[in-house]
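Participant: Below is the file run.pdb, which contains PDB, C-alpha atoms and all ligand atoms.
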```
ATOM      1  CA  MET A   1      38.713 -66.883  -9.188
ATOM      2  CA  THR A   2      36.945 -66.782 -12.557
ATOM      3  CA  THR A   3      33.290 -65.992 -12.057
ATOM      4  CA  LEU A   4      32.147 -64.085 -15.128
ATOM      5  CA  ASN A   5      33.074 -66.923 -17.458
ATOM      6  CA  GLY A   6      33.233 -65.168 -20.848
ATOM      7  CA  LYS A   7      30.318 -62.799 -20.280
ATOM      8  CA  VAL A   8      30.599 -59.674 -22.454
ATOM      9  CA  ALA A   9      31.030 -56.551 -20.330
ATOM     10  CA  VAL A  10      30.945 -53.037 -21.792
ATOM     11  CA  VAL A  11      32.546 -50.277 -19.727
ATOM     12  CA  THR A  12      32.123 -46.738 -21.084
ATOM     13  CA  GLY A  13      34.760 -44.063 -20.516
ATOM     14  CA  ALA A  14      37.189 -46.882 -19.757
ATOM     15  CA  ALA A  15      40.413 -45.673 -21.361
ATOM     16  CA  ARG A  16      41.503 -44.206 -18.024
ATOM     17  CA  GLY A  17      40.479 -43.485 -14.444
ATOM     18  CA  ILE A  18      37.703 -45.397 -12.710
ATOM     19  CA  GLY A  19      36.502 -46.963 -15.978
ATOM     20  CA  ALA A  20      39.923 -48.443 -16.712
ATOM     21  CA  GLY A  21      40.036 -49.850 -13.160
ATOM     22  CA  ILE A  22      36.609 -51.450 -13.663
ATOM     23  CA  ALA A  23      37.596 -52.855 -17.072
ATOM     24  CA  ARG A  24      40.758 -54.460 -15.618
ATOM     25  CA  ARG A  25      38.848 -55.960 -12.706
ATOM     26  CA  LEU A  26      36.038 -57.420 -14.843
ATOM     27  CA  ALA A  27      38.642 -58.917 -17.201
ATOM     28  CA  SER A  28      40.405 -60.548 -14.252
ATOM     29  CA  ASP A  29      36.992 -61.831 -13.105
ATOM     30  CA  GLY A  30      36.766 -63.649 -16.455
ATOM     31  CA  ALA A  31      34.670 -61.275 -18.581
ATOM     32  CA  ARG A  32      35.372 -60.388 -22.210
ATOM     33  CA  VAL A  33      35.613 -56.621 -21.840
ATOM     34  CA  VAL A  34      34.746 -53.898 -24.336
ATOM     35  CA  VAL A  35      36.606 -50.717 -23.454
ATOM     36  CA  VAL A  36      34.595 -47.796 -24.877
ATOM     37  CA  ASP A  37      35.988 -44.271 -24.968
ATOM     38  CA  LEU A  38      35.881 -41.134 -27.126
ATOM     39  CA  SER A  39      39.220 -42.007 -28.712
ATOM     40  CA  GLU A  40      39.465 -45.462 -30.279
ATOM     41  CA  ASP A  41      43.269 -45.313 -29.941
ATOM     42  CA  ALA A  42      43.067 -44.633 -26.195
ATOM     43  CA  ALA A  43      40.431 -47.369 -25.770
ATOM     44  CA  ALA A  44      42.557 -49.818 -27.769
ATOM     45  CA  GLU A  45      45.608 -49.008 -25.645
ATOM     46  CA  THR A  46      43.789 -49.876 -22.395
ATOM     47  CA  ALA A  47      42.356 -53.012 -24.031
ATOM     48  CA  ALA A  48      45.884 -54.027 -25.134
ATOM     49  CA  GLU A  49      47.131 -53.664 -21.534
ATOM     50  CA  ILE A  50      44.335 -55.974 -20.374
ATOM     51  CA  VAL A  51      45.209 -58.525 -23.060
ATOM     52  CA  ALA A  52      48.911 -58.305 -22.125
ATOM     53  CA  ALA A  53      47.902 -59.127 -18.536
ATOM     54  CA  GLY A  54      46.126 -62.274 -19.744
ATOM     55  CA  GLY A  55      42.564 -60.969 -20.163
ATOM     56  CA  GLU A  56      40.241 -60.649 -23.159
ATOM     57  CA  ALA A  57      39.408 -57.120 -24.308
ATOM     58  CA  LYS A  58      38.691 -54.912 -27.319
ATOM     59  CA  GLY A  59      38.760 -51.124 -27.495
ATOM     60  CA  PHE A  60      36.129 -49.164 -29.425
ATOM     61  CA  GLY A  61      35.832 -45.416 -30.009
ATOM     62  CA  SER A  62      32.352 -44.026 -29.343
ATOM     63  CA  ASP A  63      30.740 -40.847 -28.051
ATOM     64  CA  VAL A  64      28.176 -42.039 -25.502
ATOM     65  CA  SER A  65      26.029 -38.942 -26.024
ATOM     66  CA  ASP A  66      25.616 -39.591 -29.754
ATOM     67  CA  GLU A  67      22.789 -41.976 -30.664
ATOM     68  CA  ALA A  68      24.239 -43.013 -34.037
ATOM     69  CA  SER A  69      27.639 -43.674 -32.482
ATOM     70  CA  VAL A  70      26.131 -45.831 -29.702
ATOM     71  CA  THR A  71      24.010 -47.794 -32.196
ATOM     72  CA  ALA A  72      27.024 -48.426 -34.450
ATOM     73  CA  THR A  73      29.187 -49.531 -31.507
ATOM     74  CA  VAL A  74      26.544 -51.921 -30.191
ATOM     75  CA  GLU A  75      26.227 -53.410 -33.699
ATOM     76  CA  ARG A  76      30.018 -53.958 -33.741
ATOM     77  CA  ILE A  77      29.920 -55.662 -30.336
ATOM     78  CA  VAL A  78      27.019 -57.909 -31.355
ATOM     79  CA  ALA A  79      28.797 -58.825 -34.622
ATOM     80  CA  GLU A  80      32.121 -59.606 -32.915
ATOM     81  CA  TRP A  81      31.062 -61.025 -29.547
ATOM     82  CA  GLY A  82      27.372 -61.890 -29.973
ATOM     83  CA  GLY A  83      25.769 -59.497 -27.486
ATOM     84  CA  ILE A  84      26.127 -57.603 -24.222
ATOM     85  CA  ASP A  85      25.657 -59.201 -20.792
ATOM     86  CA  ILE A  86      27.005 -56.458 -18.539
ATOM     87  CA  LEU A  87      26.952 -52.679 -19.003
ATOM     88  CA  VAL A  88      28.789 -50.189 -16.801
ATOM     89  CA  ASN A  89      27.784 -46.606 -17.609
ATOM     90  CA  ASN A  90      30.907 -44.826 -16.378
ATOM     91  CA  ALA A  91      31.813 -42.147 -18.994
ATOM     92  CA  GLY A  92      31.723 -38.715 -17.431
ATOM     93  CA  ILE A  93      32.780 -35.095 -17.682
ATOM     94  CA  ILE A  94      32.633 -32.087 -15.391
ATOM     95  CA  LYS A  95      31.987 -28.475 -16.416
ATOM     96  CA  ASP A  96      31.871 -26.798 -13.009
ATOM     97  CA  ASN A  97      30.767 -23.246 -12.367
ATOM     98  CA  LEU A  98      28.539 -21.330  -9.990
ATOM     99  CA  LEU A  99      24.977 -21.142 -11.288
ATOM    100  CA  PHE A 100      25.125 -17.481 -12.313
ATOM    101  CA  LYS A 101      28.164 -18.199 -14.511
ATOM    102  CA  MET A 102      27.111 -21.593 -15.887
ATOM    103  CA  THR A 103      26.551 -21.608 -19.636
ATOM    104  CA  VAL A 104      23.786 -23.522 -21.387
ATOM    105  CA  ALA A 105      26.502 -25.334 -23.351
ATOM    106  CA  ASP A 106      28.112 -26.566 -20.117
ATOM    107  CA  TRP A 107      24.722 -27.641 -18.726
ATOM    108  CA  ASP A 108      23.869 -29.536 -21.931
ATOM    109  CA  ALA A 109      27.313 -31.158 -22.264
ATOM    110  CA  VAL A 110      27.133 -32.645 -18.756
ATOM    111  CA  MET A 111      23.539 -33.839 -19.218
ATOM    112  CA  GLY A 112      24.511 -35.269 -22.609
ATOM    113  CA  VAL A 113      27.334 -37.477 -21.385
ATOM    114  CA  HIS A 114      25.924 -38.618 -18.032
ATOM    115  CA  LEU A 115      22.165 -38.843 -18.559
ATOM    116  CA  ARG A 116      21.641 -39.124 -22.307
ATOM    117  CA  GLY A 117      24.717 -41.382 -22.558
ATOM    118  CA  SER A 118      23.503 -43.753 -19.824
ATOM    119  CA  PHE A 119      20.021 -43.812 -21.396
ATOM    120  CA  LEU A 120      21.320 -44.522 -24.918
ATOM    121  CA  TRP A 121      23.633 -47.333 -23.764
ATOM    122  CA  ALA A 122      21.083 -48.945 -21.443
ATOM    123  CA  ARG A 123      18.371 -48.842 -24.104
ATOM    124  CA  ALA A 124      20.698 -50.407 -26.674
ATOM    125  CA  ALA A 125      22.189 -53.032 -24.331
ATOM    126  CA  GLN A 126      18.945 -54.275 -22.763
ATOM    127  CA  ALA A 127      17.890 -55.972 -26.023
ATOM    128  CA  SER A 128      20.516 -58.713 -25.776
ATOM    129  CA  MET A 129      20.060 -58.983 -21.995
ATOM    130  CA  VAL A 130      16.273 -59.425 -22.300
ATOM    131  CA  ALA A 131      16.789 -62.059 -25.006
ATOM    132  CA  LYS A 132      19.086 -64.044 -22.655
ATOM    133  CA  LYS A 133      16.955 -63.358 -19.561
ATOM    134  CA  TRP A 134      20.142 -62.266 -17.757
ATOM    135  CA  GLY A 135      21.915 -58.959 -17.473
ATOM    136  CA  ARG A 136      23.595 -56.491 -15.168
ATOM    137  CA  ILE A 137      23.709 -52.704 -15.472
ATOM    138  CA  VAL A 138      25.773 -50.537 -13.123
ATOM    139  CA  ASN A 139      25.502 -46.756 -13.438
ATOM    140  CA  LEU A 140      28.059 -44.332 -11.989
ATOM    141  CA  SER A 141      26.361 -41.677  -9.880
ATOM    142  CA  SER A 142      28.277 -39.526  -7.368
ATOM    143  CA  THR A 143      27.956 -38.234  -3.826
ATOM    144  CA  SER A 144      27.730 -34.839  -5.599
ATOM    145  CA  ALA A 145      24.112 -35.886  -6.282
ATOM    146  CA  TYR A 146      23.353 -34.882  -2.661
ATOM    147  CA  GLY A 147      24.446 -31.275  -3.341
ATOM    148  CA  SER A 148      27.775 -29.804  -4.402
ATOM    149  CA  ARG A 149      28.647 -26.122  -4.718
ATOM    150  CA  GLY A 150      29.646 -25.192  -8.279
ATOM    151  CA  GLN A 151      28.204 -28.379  -9.759
ATOM    152  CA  ALA A 152      24.515 -27.655 -10.477
ATOM    153  CA  ASN A 153      24.773 -29.492 -13.814
ATOM    154  CA  TYR A 154      26.806 -32.457 -12.521
ATOM    155  CA  SER A 155      24.818 -32.924  -9.308
ATOM    156  CA  ALA A 156      21.507 -32.780 -11.232
ATOM    157  CA  ALA A 157      22.811 -35.357 -13.719
ATOM    158  CA  LYS A 158      24.112 -37.664 -10.981
ATOM    159  CA  ALA A 159      20.821 -37.367  -9.031
ATOM    160  CA  GLY A 160      18.988 -38.114 -12.295
ATOM    161  CA  ILE A 161      21.044 -41.278 -12.677
ATOM    162  CA  GLN A 162      19.733 -42.454  -9.308
ATOM    163  CA  GLY A 163      16.082 -42.175 -10.426
ATOM    164  CA  PHE A 164      16.983 -43.713 -13.783
ATOM    165  CA  THR A 165      18.622 -46.661 -11.989
ATOM    166  CA  LYS A 166      15.615 -47.382  -9.775
ATOM    167  CA  THR A 167      13.223 -47.173 -12.729
ATOM    168  CA  LEU A 168      15.310 -49.535 -14.867
ATOM    169  CA  ALA A 169      15.472 -51.957 -11.938
ATOM    170  CA  ILE A 170      11.657 -52.008 -11.844
ATOM    171  CA  GLU A 171      11.243 -52.371 -15.625
ATOM    172  CA  LEU A 172      14.026 -54.890 -16.270
ATOM    173  CA  GLY A 173      13.929 -57.011 -13.099
ATOM    174  CA  PRO A 174      11.324 -59.419 -14.534
ATOM    175  CA  PHE A 175      13.794 -60.204 -17.350
ATOM    176  CA  GLY A 176      16.622 -61.270 -15.023
ATOM    177  CA  ILE A 177      18.384 -57.921 -15.271
ATOM    178  CA  ASN A 178      19.642 -56.220 -12.104
ATOM    179  CA  VAL A 179      20.344 -52.488 -12.213
ATOM    180  CA  ASN A 180      22.267 -50.645  -9.509
ATOM    181  CA  ALA A 181      24.257 -47.448  -9.121
ATOM    182  CA  ILE A 182      27.456 -46.602  -7.303
ATOM    183  CA  ALA A 183      27.919 -43.119  -5.890
ATOM    184  CA  PRO A 184      31.663 -42.629  -5.407
ATOM    185  CA  GLY A 185      33.045 -40.002  -3.077
ATOM    186  CA  PHE A 186      36.554 -38.634  -3.690
ATOM    187  CA  ILE A 187      38.474 -40.961  -6.030
ATOM    188  CA  ALA A 188      41.993 -40.082  -7.218
ATOM    189  CA  THR A 189      41.763 -39.741 -11.024
ATOM    190  CA  ASP A 190      42.392 -37.137 -13.718
ATOM    191  CA  MET A 191      38.915 -35.747 -12.938
ATOM    192  CA  THR A 192      39.786 -34.891  -9.321
ATOM    193  CA  ARG A 193      43.274 -33.730 -10.397
ATOM    194  CA  ALA A 194      41.599 -31.318 -12.829
ATOM    195  CA  SER A 195      39.403 -30.007  -9.974
ATOM    196  CA  ALA A 196      42.527 -29.347  -7.866
ATOM    197  CA  GLU A 197      44.157 -27.539 -10.772
ATOM    198  CA  ARG A 198      41.058 -25.440 -11.426
ATOM    199  CA  MET A 199      41.122 -24.325  -7.786
ATOM    200  CA  GLY A 200      44.810 -23.443  -8.137
ATOM    201  CA  MET A 201      45.839 -26.053  -5.547
ATOM    202  CA  GLU A 202      48.678 -28.575  -5.468
ATOM    203  CA  TRP A 203      47.326 -32.145  -5.471
ATOM    204  CA  ASP A 204      48.715 -33.005  -2.012
ATOM    205  CA  ASP A 205      47.190 -29.877  -0.478
ATOM    206  CA  TYR A 206      43.862 -30.600  -2.165
ATOM    207  CA  VAL A 207      43.829 -34.143  -0.732
ATOM    208  CA  THR A 208      44.906 -32.962   2.731
ATOM    209  CA  GLN A 209      42.042 -30.490   2.764
ATOM    210  CA  TYR A 210      39.506 -33.283   2.087
ATOM    211  CA  LEU A 211      40.830 -35.940   4.477
ATOM    212  CA  PRO A 212      39.112 -34.684   7.673
ATOM    213  CA  GLU A 213      35.761 -35.089   5.860
ATOM    214  CA  ILE A 214      36.451 -38.739   4.938
ATOM    215  CA  PRO A 215      35.920 -41.059   7.939
ATOM    216  CA  VAL A 216      38.416 -43.710   6.739
ATOM    217  CA  ARG A 217      40.990 -40.904   6.313
ATOM    218  CA  ARG A 218      42.115 -41.731   2.789
ATOM    219  CA  VAL A 219      40.954 -40.861  -0.693
ATOM    220  CA  GLY A 220      39.577 -43.632  -2.869
ATOM    221  CA  GLU A 221      41.275 -45.370  -5.775
ATOM    222  CA  PRO A 222      39.619 -46.734  -8.946
ATOM    223  CA  ALA A 223      40.014 -50.249  -7.488
ATOM    224  CA  ASP A 224      37.695 -49.288  -4.598
ATOM    225  CA  ILE A 225      34.907 -48.735  -7.145
ATOM    226  CA  ALA A 226      35.892 -51.740  -9.277
ATOM    227  CA  ASN A 227      35.591 -54.033  -6.212
ATOM    228  CA  VAL A 228      31.944 -53.030  -5.776
ATOM    229  CA  VAL A 229      31.184 -53.303  -9.506
ATOM    230  CA  SER A 230      32.636 -56.820  -9.407
ATOM    231  CA  PHE A 231      30.125 -57.745  -6.676
ATOM    232  CA  LEU A 232      27.195 -56.060  -8.444
ATOM    233  CA  VAL A 233      27.721 -57.868 -11.763
ATOM    234  CA  GLY A 234      28.201 -61.324 -10.235
ATOM    235  CA  GLU A 235      25.759 -63.934  -8.923
ATOM    236  CA  ASP A 236      26.247 -63.060  -5.242
ATOM    237  CA  SER A 237      24.263 -59.837  -5.786
ATOM    238  CA  SER A 238      21.358 -61.434  -7.658
ATOM    239  CA  TYR A 239      18.849 -60.211  -5.013
ATOM    240  CA  VAL A 240      20.254 -56.641  -5.012
ATOM    241  CA  SER A 241      18.637 -54.283  -7.521
ATOM    242  CA  GLY A 242      17.623 -50.637  -7.706
ATOM    243  CA  GLN A 243      20.178 -49.666  -5.041
ATOM    244  CA  ILE A 244      22.460 -46.666  -4.839
ATOM    245  CA  ILE A 245      25.657 -47.690  -3.049
ATOM    246  CA  ASP A 246      27.785 -44.858  -1.688
ATOM    247  CA  VAL A 247      31.469 -45.792  -1.935
ATOM    248  CA  ALA A 248      32.942 -42.849  -0.139
ATOM    249  CA  GLY A 249      34.886 -44.044   2.895
ATOM    250  CA  GLY A 250      31.939 -43.200   5.128
ATOM    251  CA  PRO A 251      28.280 -42.186   5.053
ATOM    252  CA  ALA A 252      27.767 -39.538   2.397
ATOM    253  CA  HIS A 253      24.341 -38.115   3.124
TER     254      HIS A 253
HETATM  255  P1  LIG A 301      38.076 -39.339 -15.846
HETATM  256  O1  LIG A 301      39.389 -39.775 -15.295
HETATM  257  O2  LIG A 301      37.912 -37.945 -16.324
HETATM  258  O3  LIG A 301      37.688 -40.362 -17.025
HETATM  259  C1  LIG A 301      36.472 -40.207 -17.710
HETATM  260  C2  LIG A 301      36.538 -40.989 -18.998
HETATM  261  O4  LIG A 301      35.287 -40.792 -19.704
HETATM  262  C3  LIG A 301      37.657 -40.486 -19.925
HETATM  263  O5  LIG A 301      38.354 -41.584 -20.464
HETATM  264  C4  LIG A 301      36.890 -39.713 -20.987
HETATM  265  O6  LIG A 301      37.495 -39.696 -22.260
HETATM  266  C5  LIG A 301      35.600 -40.508 -21.059
HETATM  267  N1  LIG A 301      34.536 -39.748 -21.710
HETATM  268  C6  LIG A 301      34.196 -38.455 -21.512
HETATM  269  N2  LIG A 301      33.194 -38.113 -22.334
HETATM  270  C7  LIG A 301      32.898 -39.203 -23.070
HETATM  271  C8  LIG A 301      31.956 -39.473 -24.109
HETATM  272  N3  LIG A 301      31.103 -38.526 -24.557
HETATM  273  N4  LIG A 301      31.931 -40.706 -24.667
HETATM  274  C9  LIG A 301      32.795 -41.672 -24.246
HETATM  275  N5  LIG A 301      33.692 -41.482 -23.271
HETATM  276  C10 LIG A 301      33.752 -40.255 -22.686
HETATM  277  O7  LIG A 301      36.907 -39.564 -14.789
HETATM  278  P2  LIG A 301      36.795 -40.566 -13.550
HETATM  279  O8  LIG A 301      37.175 -39.839 -12.349
HETATM  280  O9  LIG A 301      37.419 -41.864 -13.881
HETATM  281  O10 LIG A 301      35.202 -40.733 -13.486
HETATM  282  C11 LIG A 301      34.508 -41.869 -13.995
HETATM  283  C12 LIG A 301      33.032 -41.767 -13.574
HETATM  284  O11 LIG A 301      32.945 -41.725 -12.153
HETATM  285  C13 LIG A 301      32.340 -40.511 -14.084
HETATM  286  O12 LIG A 301      31.004 -40.799 -14.404
HETATM  287  C14 LIG A 301      32.412 -39.586 -12.884
HETATM  288  O13 LIG A 301      31.418 -38.604 -12.931
HETATM  289  C15 LIG A 301      32.221 -40.577 -11.761
HETATM  290  N6  LIG A 301      32.718 -40.097 -10.455
HETATM  291  C16 LIG A 301      34.046 -39.801 -10.260
HETATM  292  C17 LIG A 301      34.461 -39.359  -9.006
HETATM  293  C18 LIG A 301      35.907 -39.030  -8.709
HETATM  294  O14 LIG A 301      36.188 -38.577  -7.578
HETATM  295  N7  LIG A 301      36.847 -39.220  -9.608
HETATM  296  C19 LIG A 301      33.543 -39.215  -7.976
HETATM  297  C20 LIG A 301      32.207 -39.515  -8.214
HETATM  298  C21 LIG A 301      31.807 -39.971  -9.454
HETATM  299  P3  LIG A 301      38.595 -38.575 -22.648
HETATM  300  O15 LIG A 301      39.834 -39.014 -21.964
HETATM  301  O16 LIG A 301      38.682 -38.672 -24.138
HETATM  302  O17 LIG A 301      38.060 -37.274 -22.166
END
```
The structure given in the file should be rewritten as structure tokens.
Ligand code: NAP

Facilitator:
Amino acid sequence: MTTLNGKVAVVTGAARGIGAGIARRLASDGARVVVVDLSEDAAAETAAEIVAAGGEAKGFGSDVSDEASVTATVERIVAEWGGIDILVNNAGIIKDNLLFKMTVADWDAVMGVHLRGSFLWARAAQASMVAKKWGRIVNLSSTSAYGSRGQANYSAAKAGIQGFTKTLAIELGPFGINVNAIAPGFIATDMTRASAERMGMEWDDYVTQYLPEIPVRRVGEPADIANVVSFLVGEDSSYVSGQIIDVAGGPAH
């Protein structure tokens, strides 16, 4: 069923993984989707797949942590599609290490993509949303926000996103803009595959080790997150704002 009816939806970090799943879902919901990723070629490839499946999409290269790059990309979107109605701040990286081994560069890189990136995109996108008195922002947090060994940088960034989300909901609510966050648990993507590799474990063993901790006894897929994004950017969630929704196959904290 088409519900988003040509609304312009930007999904950052959408060339692959959870972002690509969200981009596909919003396109099938009827949105015109802007796939943003570091590599314009990779973004364009995912956008082309969406178009081949009957959706509307464009792929733009942009580093979410770079103010000039975000400004230039938003200008392109406004010029080509007139504005932004929906923003999903999904781009992410991990640079895991125990605190005593964590470098300042790895701390700053993680803060730069998750926190600075979400701030830069939300600040840029709210202008067209405020003008239309309608908008939706969904930020990707993580259950790592509640504490995760070896992820001081990532868990601080993902906890920061939760406070950022609630504050934006308060500031932007009067302009018809709802802001929520999703905190995924274990989702099968390149990010979790890289974690398995870093721990020297085969993927199947890594998954098997986690399953007893997940009440529904399966790991998540990008579509599990995309389903919730689809709800949060539609009209059925218009009285839901400032919430952090754990999507983790069970209670996460
Ligand atoms: P992923 O497979 O590693 O994909 C992340 C995407 O973000 C990649 O396409 C990457 O581009 C892009 N990206 C990285 N830095 C960027 C930047 N500076 N500017 C623009 N794009 C950038 O990760 P994922 O698992 O799909 O995760 C998506 C989001 O969900 C992240 O915010 C992550 O923290 C969050 N999350 C994931 C899980 C999980 O279990 N997978 C759990 C909780 C939360 P490149 O390919 O060029 O690097």

Participant: Evaluate the PyMOL selection byres (((chain A and resi 85) around 8) and not hetatm) here and jot the selected residues down as a list in words.

Facilitator: Lys7, Val8, Ala9, Gly83, Ile84, Ile86, Leu87, Ala125, Ser128, Met129, Trp134, Gly135 and Arg136 of chain A

Participant: Can you check which parts of chain A lie within 6 Å of ligand LIG 301 (chain A)? Per residue, the shortest pair of atoms and distance in Å to one decimal, counting all atoms listed in the file, sorted by chain and number, as CSV.

Facilitator:
```
residue,atom,partner,partner_atom,distance
A:Thr12,CA,A:LIG301,N5,5.9
A:Gly13,CA,A:LIG301,O4,3.4
A:Ala14,CA,A:LIG301,O5,5.5
A:Ala15,CA,A:LIG301,O5,4.7
A:Arg16,CA,A:LIG301,O5,4.8
A:Gly17,CA,A:LIG301,O9,3.5
A:Ile18,CA,A:LIG301,O9,3.7
A:Gly19,CA,A:LIG301,O9,5.6
A:Asp37,CA,A:LIG301,N5,4.0
A:Leu38,CA,A:LIG301,C9,4.3
A:Ser39,CA,A:LIG301,O16,5.7
A:Ser62,CA,A:LIG301,C9,5.6
A:Asp63,CA,A:LIG301,N4,3.6
A:Val64,CA,A:LIG301,N4,4.1
A:Ser65,CA,A:LIG301,N3,5.3
A:Asn90,CA,A:LIG301,O12,4.5
A:Ala91,CA,A:LIG301,O4,3.8
A:Gly92,CA,A:LIG301,O12,3.7
A:Ile93,CA,A:LIG301,C6,5.3
A:Val113,CA,A:LIG301,N3,5.0
A:Leu140,CA,A:LIG301,O12,5.2
A:Ser141,CA,A:LIG301,C21,5.7
A:Ser142,CA,A:LIG301,C20,4.0
A:Pro184,CA,A:LIG301,C20,4.2
A:Gly185,CA,A:LIG301,C19,5.0
A:Phe186,CA,A:LIG301,O14,3.9
A:Ile187,CA,A:LIG301,O14,3.6
A:Ala188,CA,A:LIG301,N7,5.7
A:Thr189,CA,A:LIG301,O8,4.8
A:Asp190,CA,A:LIG301,O1,4.3
A:Met191,CA,A:LIG301,O2,4.2
A:Thr192,CA,A:LIG301,N7,5.2
```

Participant: For A:Ala27, which residue out of A:Ala48, A:Val240, A:Ala109, A:Met102 is the nearest one, using only C-alpha atoms?

Facilitator: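 The answer is A:Ala48, which sits nearest to A:Ala27.
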
Participant: Point out the residue among A:Phe60, A:Phe164, A:Tyr206, A:Trp121 with the least atom-to-atom distance to A:Ala44, counting all atoms listed in the file.

Facilitator: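 Closest to A:Ala44 of all the choices is A:Phe60.
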
Participant: Which protein, DNA or RNA residues have an atom at most 8 Å from (19.4, -53.5, -14.4), counting only C-alpha atoms? List them as a list in words.

Facilitator: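 The residues near that point, listed by chain and number, are Gly135, Arg136, Ile137, Val138, Thr165, Leu168, Ala169, Leu172, Gly173, Ile177, Asn178, Val179, Asn180, Ser241 and Gly242 of chain A.
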
Participant: Quick one: distance from atom CA of A:Val33 to atom CA of A:Thr73 in Å, one decimal?

Facilitator: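 One can read the atom CA of A:Val33 to atom CA of A:Thr73 distance as 13.6 Å.
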
Participant: Could you jot down the atom CA of A:Gly249 to atom CA of A:Asp205 separation for me, Å, one decimal place?

Facilitator: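 Pair atom CA of A:Gly249 / atom CA of A:Asp205 returns 19.1 Å.
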
Participant: Name the residues in contact with A:Arg25 at a cut-off of 12 Å, using all atoms listed in the file, excluding same-chain residues fewer than 6 positions from it; report them as a count of residues only.

Facilitator: 29

Participant: Please identify all polymer residues within 12 Å of A:Lys101, counting all atoms listed in the file, omitting same-chain residues fewer than 6 positions from it, and present them as a PyMOL selection string.

Facilitator: chain A and resi 95+107+150-153

Participant: Atom CA of A:Ala42 and atom CA of A:Asn5 are how many Å apart?

Facilitator: 25.9 Å

Participant: Would you compute an axis-aligned box for stretch 132-147 of chain A, covering every atom listed for it in the file with 3 Å of margin on each side, and report centre and edge lengths in Å to one decimal as JSON?

Facilitator:
```
{"center_x": 22.6, "center_y": -47.7, "center_z": -12.7, "size_x": 17.3, "size_y": 38.8, "size_z": 26.0}
```

Participant: With distances taken over only C-alpha atoms, which residue among A:Ala131, A:Asn139, A:Ala156, A:Pro215 lies nearest A:Phe175?

Facilitator: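 The closest residue to A:Phe175 is A:Ala131.
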